[in-house]
Amino acid sequence: MIPMCAIRGWFTALTILITAVFAVASTANAETLANFLPKLDPSAFHPEGDAFGPVREDIAVAPVLKGRETVAWAFLTSDFVSTTGYSGKPIHVVAAIDLDAVLTGVELVKHSEPIVLIGIPNSKITALTEGYKGLDLKAEAAAGGDAHDLDIISGATVTIMIIDDSLVRAGIKVARALSLGGLAPKVATGPGREVDLAHDEVRDWTTLAGDGSVRRLTLDVGQVNAAFVETGDARAIKRPEKGAPEETFIDMHLALVSVPSIGRSLLGDAEYANLTEWLEEGEQAILVLGRGRYSFKGSGYVRGGIFDRIQLIQGDNSVRFFDKQHKRLGDLATGDAPSFTELDIFKIPADMEFDPAEPFRLQLLVQRAVGALERTFITFDLGYILPNQYLVPLKVAVVVDDSAEEAAAKAALWQRIWRDRTVEIGVLGAMLLVLTGVFFFQMQATKHARAFYWFRIGFLTFTLFFIGWYANAQLSVVNLMALATSMRSGSFSWDAFLMDPLVFIQWFSIAAALLFWGRGAYCGWLCPFGALQELTNQIARALKIPQWTLPWGLHERLWPLKYMIFLGLFGLSMVSMNMAETYAEVEPFKTAIILKFIRDWPFVVFALVLLGAGLFVERFYCRYLCPLGAALAIPARIRMFDWLKRYKECGSPCQSCANECPVQAIHPTGEINPNECVNCLHCQVLYQSDAKCPVIIRQVKRRAKAKASAQSLETAMTAK
């Protein structure tokens, strides 16, 4: 057991650390162009620049000034395109573009990339970013962004590709928006006019009816009967509407009362205010008035039902109104209006995509009974077009943020990366396929101890050299922290996680492997640093370096350290991802794998100390310190199968597997701790060993004894 005082001390230290980080985070500056510019030198963005002007309100750009003359425009790439990297946060680059659409200056101002943060000298990334100075965006626009060569820094491939993509695409967007270098701006498409919401003059009925604000459809009995005659339906013709031909059948009026002036005039200020509260964003409303012998609502209408005698039609879209889209109106606010028996307001839903500036019609259905249960129908249209005085020209807006284009560009970027790494993806896929086969057929794979030993050594060597030192696809706890942070902030995007195909494929395979085998599928076979530890330990054994076995009590009490480290990093990432990435240097992965020990000496010494400990205690780091292993062990508890075979004698009395387990994951009582097991399958080798497993040895002896007895009996029978 860990002493309670140690636990209290650890949590106290963590609380103080998080409190301090909160204080730092609360004073952080917003990541905007206006906040970055005061820290930058204008001459770095144009040789003649001596000042920055204010950021424009319509487009997030600021002029680079020579006196009062604008010689270039500065912009922040993350204002125009997605620049999300490994960390789940934007990579902020400020660039300037001149009047001929050429980049005149570029500077990396802020990022949270875990690989670049400490692992690679910032000067190296800065120099590469500044190298985009002189890039001609006219040529890039013509070539679809492929008119230049892409320089890559080992260990930061994806980060550099994101910077490259964001500079080119954001630069082209700015050039188009400002019409630089002859690049034409993209403009918004849509209707040419919109409702003038500022026009709310109150007018009388006569004026409204005279200018077309209120439209009218009047039908008499004679017109309706004539219309049924034109259908040629003999049954309908035999049942004409009774009454004088000139008698009013229906007198129906229509007005678009969601237009402020019309609504205030017909409804009054109080009722119009109620209407605006009733309508949601994107919804409109019409007022339908009626009198005469025919009702546009119908006598069959009931609460919760549909108004089946009218429908609104605009272009190819139509809508019928339900009870929840209907309100009765008591009276009109216009004193000179005629009296009506039906006054009803109908809401036009937003999903109809109704445009009040375009013509529409209200279709009236007139029905006639032609039998006991049969009816026939004809329709009449009341057309409506909003008078010009209620409309203003729609402002033509320059399109800078096109979400569809942005999504397509991000998808194209990760797809390009996957195409470029087809060979590596194929090799990793083959490795995963082979490993899956070994796990599914573990008894056959481990039957011959020496052959399996050299297979494992070969696999780990390939993991180290291919996945680690060649492909730089070492997984990290930072990946998990970035995922959690992006999901918590709502900025999660599959595109960001698809940027590195080998890392993505490994995480996907881990998710599946956790259900079957637990964390050991990765930790024991696919982790490059784990492979490096095991291989160096095997070399140490060959050189007769003594191996230390920690007492079980101490060993068991050191297990929780890695869980504490993981929880501390995870909690820290909730407050400050930058701080969490710094403390994630407890992982020596960047030093030993990504950067191949080419790094500042403190990091190299730290990694070598851990590897040195692993020469005496196999996989020392994996056992006690690895936060990634701890993170994988937690969900591994849900695994569905126990693949590792055991005898009832395991642990009592036999201790062979427990004594030979490379990471001491087997309890003295014989149980395998799945949280600590790395699935090396050495216990399965011993399970079938006729030289080390007492159960197998007894079985061999019994078979030999039985065979000897049978031979003796056969000899005796032959002698007789």
# chains A, B, ... in the order shown; residues from 1 in each chain; ligands from 1
>>> select_by_dssp(residues="segment 151-322 of chain A", states="strand (DSSP E)", output="PyMOL selection string")
chain A and resi 193-195+214-220+248-255+284-291+310-314+317-319
>>> residues_around(residues="Ser166 of chain A", least_positions_apart="4", cutoff="9 Å", atoms="only C-alpha atoms", output="count of residues only")
11
>>> residues_around(residues="Ile593 of chain A", least_positions_apart="4", cutoff="6 Å", atoms="only C-alpha atoms", output="list in words")
Gly468, Trp469 and Phe589 of chain A
>>> write_last_selection(atoms="C-alpha atoms", output="PDB file, in the first residue's frame")
ATOM      1  CA  GLY A 468      10.019   4.299 -35.081  1.00  0.00           C
ATOM      2  CA  TRP A 469      13.192   5.585 -36.691  1.00  0.00           C
ATOM      3  CA  PHE A 589       9.784   8.993 -27.192  1.00  0.00           C
TER       4      PHE A 589
END
>>> residues_around(residues="segment 516-523 of chain A", least_positions_apart="4", cutoff="9 Å", atoms="only C-alpha atoms", output="compact mmCIF listing (two decimals) with C-alpha atoms, in the first residue's frame")
# COMPACT_ATOMS: atom_id res chain seq x y z
CA LEU A 435 0.52 -9.91 -35.56
CA THR A 436 -3.21 -10.63 -35.64
CA PHE A 439 -2.51 -13.76 -31.56
CA GLN A 506 -2.26 2.34 -35.21
CA SER A 509 -6.06 -1.00 -34.58
CA ILE A 510 -5.47 -0.34 -30.86
CA ALA A 512 -10.00 -2.98 -31.88
CA CYS A 527 5.72 0.51 -29.53
CA PRO A 528 9.15 1.52 -30.89
CA GLY A 530 9.24 -0.55 -25.90
CA ALA A 531 11.01 -2.49 -28.64
CA CYS A 622 7.03 0.41 -19.36
CA LEU A 628 0.61 5.94 -22.45
CA GLY A 629 0.65 2.38 -21.12
CA ALA A 630 -1.47 3.51 -18.16
CA LEU A 632 -4.32 2.10 -22.57
CA ALA A 633 -4.63 -0.14 -19.52
CA ILE A 634 -7.73 1.67 -18.27
CA PRO A 635 -10.08 0.88 -21.21
CA ALA A 636 -8.38 -2.52 -21.66
CA ARG A 637 -10.41 -3.71 -18.68
CA ILE A 638 -13.36 -4.13 -21.06
CA ARG A 639 -11.58 -6.78 -23.18
CA MET A 640 -13.94 -9.59 -24.10
CA PHE A 641 -11.62 -12.63 -24.11
CA ASP A 642 -8.91 -14.28 -22.01
CA TRP A 643 -6.60 -15.81 -24.59
CA PRO A 674 -3.93 -7.76 -17.77
CA ASN A 675 -3.04 -4.15 -16.90
CA GLU A 676 0.65 -5.04 -16.81
CA CYS A 677 0.86 -7.85 -19.37
CA VAL A 678 2.54 -6.90 -22.66
CA ASN A 679 1.34 -10.05 -24.49
CA CYS A 680 4.87 -11.25 -25.21
>>> select_by_dssp(residues="segment 474-714 of chain A", states="alpha helix (DSSP H)", output="PyMOL selection string")
chain A and resi 477-489+494-497+501-516+520-523+528-542+552-558+560-575+577-583+589+601-616+620-624+627-633+656-660+682-687+694-714
>>> write_last_selection(atoms="C-alpha atoms", output="CSV table (one decimal), in the first residue's frame")
chain,number,residue,atom,x,y,z
A,477,VAL,CA,0.0,10.2,-24.6
A,478,VAL,CA,-0.1,13.7,-26.2
A,479,ASN,CA,-2.3,12.2,-28.9
A,480,LEU,CA,-4.9,11.2,-26.3
A,481,MET,CA,-4.7,14.6,-24.6
A,482,ALA,CA,-5.1,16.4,-27.9
A,483,LEU,CA,-8.2,14.2,-28.7
A,484,ALA,CA,-9.8,14.9,-25.3
A,485,THR,CA,-9.1,18.6,-25.6
A,486,SER,CA,-10.5,18.9,-29.1
A,487,MET,CA,-13.7,17.0,-28.1
A,488,ARG,CA,-14.1,19.1,-25.0
A,489,SER,CA,-13.8,22.4,-26.9
A,494,TRP,CA,-11.5,13.8,-38.4
A,495,ASP,CA,-9.3,15.7,-40.9
A,496,ALA,CA,-6.8,16.6,-38.2
A,497,PHE,CA,-6.5,13.0,-37.0
A,501,PRO,CA,-1.9,7.8,-41.7
A,502,LEU,CA,0.4,5.5,-39.7
A,503,VAL,CA,-0.5,7.1,-36.4
A,504,PHE,CA,-4.2,7.0,-37.3
A,505,ILE,CA,-4.1,3.3,-38.4
A,506,GLN,CA,-2.3,2.3,-35.2
A,507,TRP,CA,-4.8,4.1,-33.0
A,508,PHE,CA,-7.7,2.4,-35.0
A,509,SER,CA,-6.1,-1.0,-34.6
A,510,ILE,CA,-5.5,-0.3,-30.9
A,511,ALA,CA,-9.2,0.4,-30.4
A,512,ALA,CA,-10.0,-3.0,-31.9
A,513,ALA,CA,-7.2,-4.8,-30.1
A,514,LEU,CA,-8.3,-3.5,-26.7
A,515,LEU,CA,-11.5,-5.5,-27.0
A,516,PHE,CA,-9.6,-8.7,-27.8
A,520,GLY,CA,-0.3,-5.6,-24.7
A,521,ALA,CA,-0.9,-5.8,-28.5
A,522,TYR,CA,0.6,-2.3,-28.8
A,523,CYS,CA,2.9,-2.1,-25.8
A,528,PRO,CA,9.1,1.5,-30.9
A,529,PHE,CA,10.5,2.7,-27.5
A,530,GLY,CA,9.2,-0.5,-25.9
A,531,ALA,CA,11.0,-2.5,-28.6
A,532,LEU,CA,14.2,-0.5,-28.0
A,533,GLN,CA,14.1,-1.3,-24.3
A,534,GLU,CA,13.6,-5.0,-24.9
A,535,LEU,CA,16.2,-5.3,-27.6
A,536,THR,CA,18.8,-3.4,-25.5
A,537,ASN,CA,18.0,-5.7,-22.5
A,538,GLN,CA,18.5,-8.8,-24.7
A,539,ILE,CA,21.9,-7.4,-25.6
A,540,ALA,CA,22.6,-6.8,-21.9
A,541,ARG,CA,21.7,-10.4,-21.2
A,542,ALA,CA,24.0,-11.6,-23.9
A,552,TRP,CA,7.0,-8.5,-5.4
A,553,GLY,CA,5.8,-6.1,-2.7
A,554,LEU,CA,7.9,-3.2,-4.0
A,555,HIS,CA,7.1,-4.1,-7.6
A,556,GLU,CA,3.4,-4.1,-7.0
A,557,ARG,CA,3.6,-0.7,-5.2
A,558,LEU,CA,5.5,0.9,-8.1
A,560,PRO,CA,0.5,3.0,-9.7
A,561,LEU,CA,3.2,5.5,-10.6
A,562,LYS,CA,2.4,5.5,-14.3
A,563,TYR,CA,-1.3,6.0,-13.5
A,564,MET,CA,-0.6,9.0,-11.3
A,565,ILE,CA,1.6,10.4,-14.1
A,566,PHE,CA,-1.1,9.9,-16.7
A,567,LEU,CA,-3.9,11.4,-14.5
A,568,GLY,CA,-1.7,14.4,-13.7
A,569,LEU,CA,-0.9,15.1,-17.4
A,570,PHE,CA,-4.6,14.6,-18.3
A,571,GLY,CA,-5.8,17.0,-15.6
A,572,LEU,CA,-3.2,19.5,-16.7
A,573,SER,CA,-4.3,19.3,-20.3
A,574,MET,CA,-7.8,20.3,-19.3
A,575,VAL,CA,-6.3,23.6,-18.1
A,577,MET,CA,-2.5,21.9,-23.3
A,578,ASN,CA,0.8,23.7,-23.8
A,579,MET,CA,1.8,23.0,-20.2
A,580,ALA,CA,0.7,19.4,-20.4
A,581,GLU,CA,2.8,18.9,-23.6
A,582,THR,CA,5.8,20.3,-21.8
A,583,TYR,CA,5.4,17.9,-18.9
A,589,PHE,CA,9.8,9.0,-27.2
A,601,TRP,CA,21.8,17.0,-23.6
A,602,PRO,CA,19.3,17.0,-20.7
A,603,PHE,CA,16.7,15.1,-22.8
A,604,VAL,CA,19.3,12.7,-24.1
A,605,VAL,CA,20.6,12.0,-20.6
A,606,PHE,CA,17.0,11.4,-19.4
A,607,ALA,CA,16.3,8.9,-22.2
A,608,LEU,CA,19.7,7.1,-21.7
A,609,VAL,CA,19.1,6.8,-17.9
A,610,LEU,CA,15.7,5.1,-18.6
A,611,LEU,CA,17.3,2.8,-21.1
A,612,GLY,CA,20.2,2.2,-18.7
A,613,ALA,CA,17.7,1.1,-16.0
A,614,GLY,CA,16.1,-1.2,-18.6
A,615,LEU,CA,19.5,-3.0,-19.0
A,616,PHE,CA,19.1,-4.4,-15.4
A,620,PHE,CA,11.7,-0.6,-16.6
A,621,TYR,CA,10.0,2.5,-18.1
A,622,CYS,CA,7.0,0.4,-19.4
A,623,ARG,CA,6.5,-1.1,-16.0
A,624,TYR,CA,6.5,1.9,-13.8
A,627,PRO,CA,1.6,7.3,-19.0
A,628,LEU,CA,0.6,5.9,-22.5
A,629,GLY,CA,0.6,2.4,-21.1
A,630,ALA,CA,-1.5,3.5,-18.2
A,631,ALA,CA,-3.9,5.2,-20.5
A,632,LEU,CA,-4.3,2.1,-22.6
A,633,ALA,CA,-4.6,-0.1,-19.5
A,656,SER,CA,7.9,-21.0,-13.6
A,657,CYS,CA,5.8,-18.5,-15.5
A,658,ALA,CA,5.8,-16.0,-12.7
A,659,ASN,CA,9.6,-16.2,-12.3
A,660,GLU,CA,10.2,-15.9,-16.1
A,682,HIS,CA,6.4,-16.2,-23.2
A,683,CYS,CA,4.0,-17.8,-20.8
A,684,GLN,CA,2.4,-19.6,-23.7
A,685,VAL,CA,5.9,-20.9,-24.8
A,686,LEU,CA,6.3,-22.2,-21.2
A,687,TYR,CA,2.8,-23.6,-21.3
A,694,PRO,CA,5.9,-29.4,-14.6
A,695,VAL,CA,2.5,-30.3,-16.0
A,696,ILE,CA,3.9,-31.1,-19.4
A,697,ILE,CA,6.9,-32.9,-17.8
A,698,ARG,CA,4.5,-35.1,-15.8
A,699,GLN,CA,2.5,-35.8,-18.9
A,700,VAL,CA,5.6,-36.8,-20.9
A,701,LYS,CA,6.7,-39.1,-18.0
A,702,ARG,CA,3.3,-40.7,-17.8
A,703,ARG,CA,3.3,-41.3,-21.6
A,704,ALA,CA,6.9,-42.7,-21.4
A,705,LYS,CA,6.0,-44.9,-18.5
A,706,ALA,CA,2.8,-46.2,-20.2
A,707,LYS,CA,4.8,-46.8,-23.3
A,708,ALA,CA,7.5,-48.7,-21.4
A,709,SER,CA,4.8,-50.8,-19.6
A,710,ALA,CA,3.2,-51.7,-22.9
A,711,GLN,CA,6.5,-52.7,-24.4
A,712,SER,CA,7.3,-54.9,-21.4
A,713,LEU,CA,3.9,-56.6,-21.7
A,714,GLU,CA,4.5,-57.1,-25.4
>>> residues_around(residues="Phe360 of chain A", least_positions_apart="5", cutoff="12 Å", atoms="only C-alpha atoms", output="list in words")
Arg215, Leu254, Ala255, Leu256, Ile286, Gln311, Leu312, Ile313, Gln314, Gly315, Asp316, Asn317, Ser318, Val319, Phe354, Asp355, Asp381, Leu382, Gly383, Tyr384, Ile385 and Leu386 of chain A
